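Structure first, commentary second.
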Number of protein chains: 2
Amino acid sequence: MQLNSTEEKIKKAALKVFSDKGYAQTKTRDIASNAGVNISTLHYYYRSKDRLFKMVSDEVFEKFNKISHDILDADIPFEEKIRRFVSDYTDFYKANPKLASFIIFESERNPEKVFDNIDFERFDQKAERELRQLIQRGVIRPISYPNFVLNMVSMTVFPFLNKHMLHKFNGLTEKDFEDLLEERKIMVPQMIIDHLYLK
Amino acid sequence: MQLNSTEEKIKKAALKVFSDKGYAQTKTRDIASNAGVNISTLHYYYRSKDRLFKMVSDEVFEKFNKISHDILDADIPFEEKIRRFVSDYTDFYKANPKLASFIIFESERNPEKVFDNIDFERFDQKAERELRQLIQRGVIRPISYPNFVLNMVSMTVFPFLNKHMLHKFNGLTEKDFEDLLEERKIMVPQMIIDHLYLK
DNA sequence: TGCGGATTCAATCAATTGATTGAATCAATT
DNA sequence: AATTGATTCAATCAATTGATTGAATCCGCA
């Protein structure tokens, strides 16, 4: 599919509107007018709102998963993986600020639409094994895998879920927000590592 | 308004459906049938979907804010406030598991419907002052107030935003989830305190 | 030029949904 | 028992919305 084709324009508009408003609040007419095409052109290419959503969300989750897999496959120390996880996902969400809420919101609100063929398993099994080994070797303190992941993911993603509130109630400008993210790239891994490593 | 009155039944059903499905995906018919009343009974009491939503969300945010205010007004050390924040909000969300997503989702998706008269300011000013003083006295390391809050809030709330994923991809049972939360009540404040306090 | 498939669109359909109406029922008071 | 206001409901309305239809337009190619 070539860039800027009608088909591609529709998908881009769909991602924008879906992640701005969520699945239910999105109207196919919104997407069509955002893409600058007729409603039936949208249906011509994607048949239904559901199928269009699935296409978009599959693409999003693919990009999303790739980051994890790349980090896990990298031949670097565990500490470094933590730093890269926070840094890479922060950059990912910075480049696509709406994806954070898209992923979290829609996977809770419309799991049946989002999950069909996503495999978190490969990633999880590998990561969990690595964590367990470090615990058994006495390098890091005992911690359950879900808790470890939650700490890392929550502190990385949450600023993007809360952006509106941060702007409204903490008066953060866009620049402030970016500075805050850069600060977190250092601080968050450091917090996790300081808590985890027994040294 | 008396307990279990029709009016109250509608509001309870509304909270349930709104927080299950989000504003847009909620149909007044859903609420009515959940409450066991006719659609027009719902309109008789609340006039419109918007007004019903506002009633419900105001009540939610009131409870939500009370926790912060109580902690901040308490005459206990700052460390202890961190522990109570994590613990009290965890209990709050445990008792009302859907409220976490309700608060985060709706305040981002429909800020204009949610925020009218919420004052985060009193809380924030007081808390920020307390943090600044500790930094100036050299008790804790320098950290911006938004970053401090983000760390605390994100690690506390996030498990509830992600519950479905945790169940699906980590195979957590309900019991596992509760154990995990109890573990986090200890671990999360400890992480924050270890990182913050210079001792 | 003219054929044929791909693409686009205006018009329309059917289902959904928030809201209203007017009648019926209930409950308290006299 | 009668009156009155509060409550409830079946039926209906108007707007929205996902989807379809059939005609028009575009484009590559003989």
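So you can find residues: chains in the structure tokens are A, B, ... in the order shown, residues in each start at 1, and ligands are numbered from 1 in order.
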Contact residues around range 9-11 of chain D with only C-alpha atoms (C1' of nucleotides) at 12 Å, ignoring same-chain residues under 6 positions, as a list in words: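 Selected residues are Val37, Asn38, Ile39, Ser40, Thr41, Leu42 and Tyr44 of chain B; DT20, DT21, DG22, DA23, DA24 and DT25 of chain C.
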Selected residue, from A:Ser5, A:Arg83, A:Pro142, A:Ile71, that lies nearest to chain C when counting only C-alpha atoms (C1' of nucleotides):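 Using only C-alpha atoms (C1' of nucleotides), chain C sits closest to A:Ser5.
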Per-residue nearest contacts chain D to chain A, cut-off 9 Å, using only C-alpha atoms (C1' of nucleotides), as a tab-separated table:
residue	atom	partner	partner_atom	distance
D:DT17	C1'	A:Lys27	CA	7.2
D:DG18	C1'	A:Thr28	CA	7.4
D:DA19	C1'	A:Ser48	CA	7.7
D:DT20	C1'	A:Ser40	CA	8.5
Save the residues we just selected, N, CA, C and O atoms (P, O5', C5', C4', C3', O3' and C1' of nucleotides), as a PDB file, in the first residue's frame?
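Ended up saving to out_32.pdb:
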ATOM      1  P    DT D  17     -23.545  10.725  15.869  1.00  0.00           P
ATOM      2  O5'  DT D  17     -23.608   9.303  15.167  1.00  0.00           O
ATOM      3  C5'  DT D  17     -24.186   8.216  15.861  1.00  0.00           C
ATOM      4  C4'  DT D  17     -24.209   6.990  14.984  1.00  0.00           C
ATOM      5  C3'  DT D  17     -23.055   6.908  13.978  1.00  0.00           C
ATOM      6  O3'  DT D  17     -22.520   5.606  14.013  1.00  0.00           O
ATOM      7  C1'  DT D  17     -25.091   6.577  12.886  1.00  0.00           C
ATOM      8  P    DG D  18     -20.973   5.330  13.600  1.00  0.00           P
ATOM      9  O5'  DG D  18     -21.082   3.915  12.908  1.00  0.00           O
ATOM     10  C5'  DG D  18     -21.669   2.832  13.612  1.00  0.00           C
ATOM     11  C4'  DG D  18     -22.225   1.833  12.626  1.00  0.00           C
ATOM     12  C3'  DG D  18     -21.244   1.401  11.533  1.00  0.00           C
ATOM     13  O3'  DG D  18     -21.327  -0.018  11.378  1.00  0.00           O
ATOM     14  C1'  DG D  18     -23.200   2.297  10.537  1.00  0.00           C
ATOM     15  P    DA D  19     -20.458  -0.752  10.265  1.00  0.00           P
ATOM     16  O5'  DA D  19     -21.409  -0.752   8.989  1.00  0.00           O
ATOM     17  C5'  DA D  19     -22.705  -1.346   9.112  1.00  0.00           C
ATOM     18  C4'  DA D  19     -23.475  -1.136   7.824  1.00  0.00           C
ATOM     19  C3'  DA D  19     -22.711  -1.509   6.551  1.00  0.00           C
ATOM     20  O3'  DA D  19     -23.329  -2.647   5.967  1.00  0.00           O
ATOM     21  C1'  DA D  19     -23.912   0.541   6.316  1.00  0.00           C
ATOM     22  P    DT D  20     -22.780  -3.212   4.546  1.00  0.00           P
ATOM     23  O5'  DT D  20     -23.779  -2.561   3.503  1.00  0.00           O
ATOM     24  C5'  DT D  20     -25.171  -2.574   3.778  1.00  0.00           C
ATOM     25  C4'  DT D  20     -25.940  -1.946   2.628  1.00  0.00           C
ATOM     26  C3'  DT D  20     -25.469  -2.369   1.235  1.00  0.00           C
ATOM     27  O3'  DT D  20     -26.615  -2.804   0.506  1.00  0.00           O
ATOM     28  C1'  DT D  20     -25.602  -0.001   1.383  1.00  0.00           C
TER      29       DT D  20
END
8 Å contacts from chain B to chain A using only C-alpha atoms, as a VMD selection string: chain B and resid 20 to 22 24 to 25 104 to 105 107 to 109 120 to 121 146 to 147 150 to 151 154 to 155 158 to 159 161 to 166 169 to 170 180 184 191 to 192 194 to 195
Those of chain B in DSSP alpha helix (DSSP H), formatted as a PyMOL selection string: chain B and resi 6-21+28-35+39-46+49-73+78-95+99-109+111-114+121-136+145-161+163-170+174-196
Could you make a table, as CSV, of the residues of chain C that have an atom within 10 Å of an atom of chain B, each with its nearest atom pair and distance in Å to one decimal, counting only C-alpha atoms (C1' of nucleotides), in chain and number order?
residue,atom,partner,partner_atom,distance
C:DT16,C1',B:Lys27,CA,9.7
C:DT17,C1',B:Lys27,CA,7.2
C:DG18,C1',B:Thr28,CA,7.4
C:DA19,C1',B:Ser48,CA,7.8
C:DT20,C1',B:Ser40,CA,8.6
Neighbour list for DA28 in chain C as an MDAnalysis selection string, cut-off 12 Å, only C-alpha atoms (C1' of nucleotides), skip fewer than 4 positions in-chain: chainID D and resid 3:6
12 Å contact set for Val56 in chain B, only C-alpha atoms (C1' of nucleotides), chain neighbours under 6 positions out, as a VMD selection string: chain B and resid 7 to 19 23 46 49 to 50 62 to 63 99 102 to 103 106 113 to 114
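Rounded to one decimal, CA of Ile82 in chain A and CA of Asp179 in chain B lie 24.5 Å from each other.
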Pick from D:DA1, D:DA23, D:DA15, D:DC29, whichever lies nearest to DC9 in chain C using only C-alpha atoms (C1' of nucleotides): D:DA23
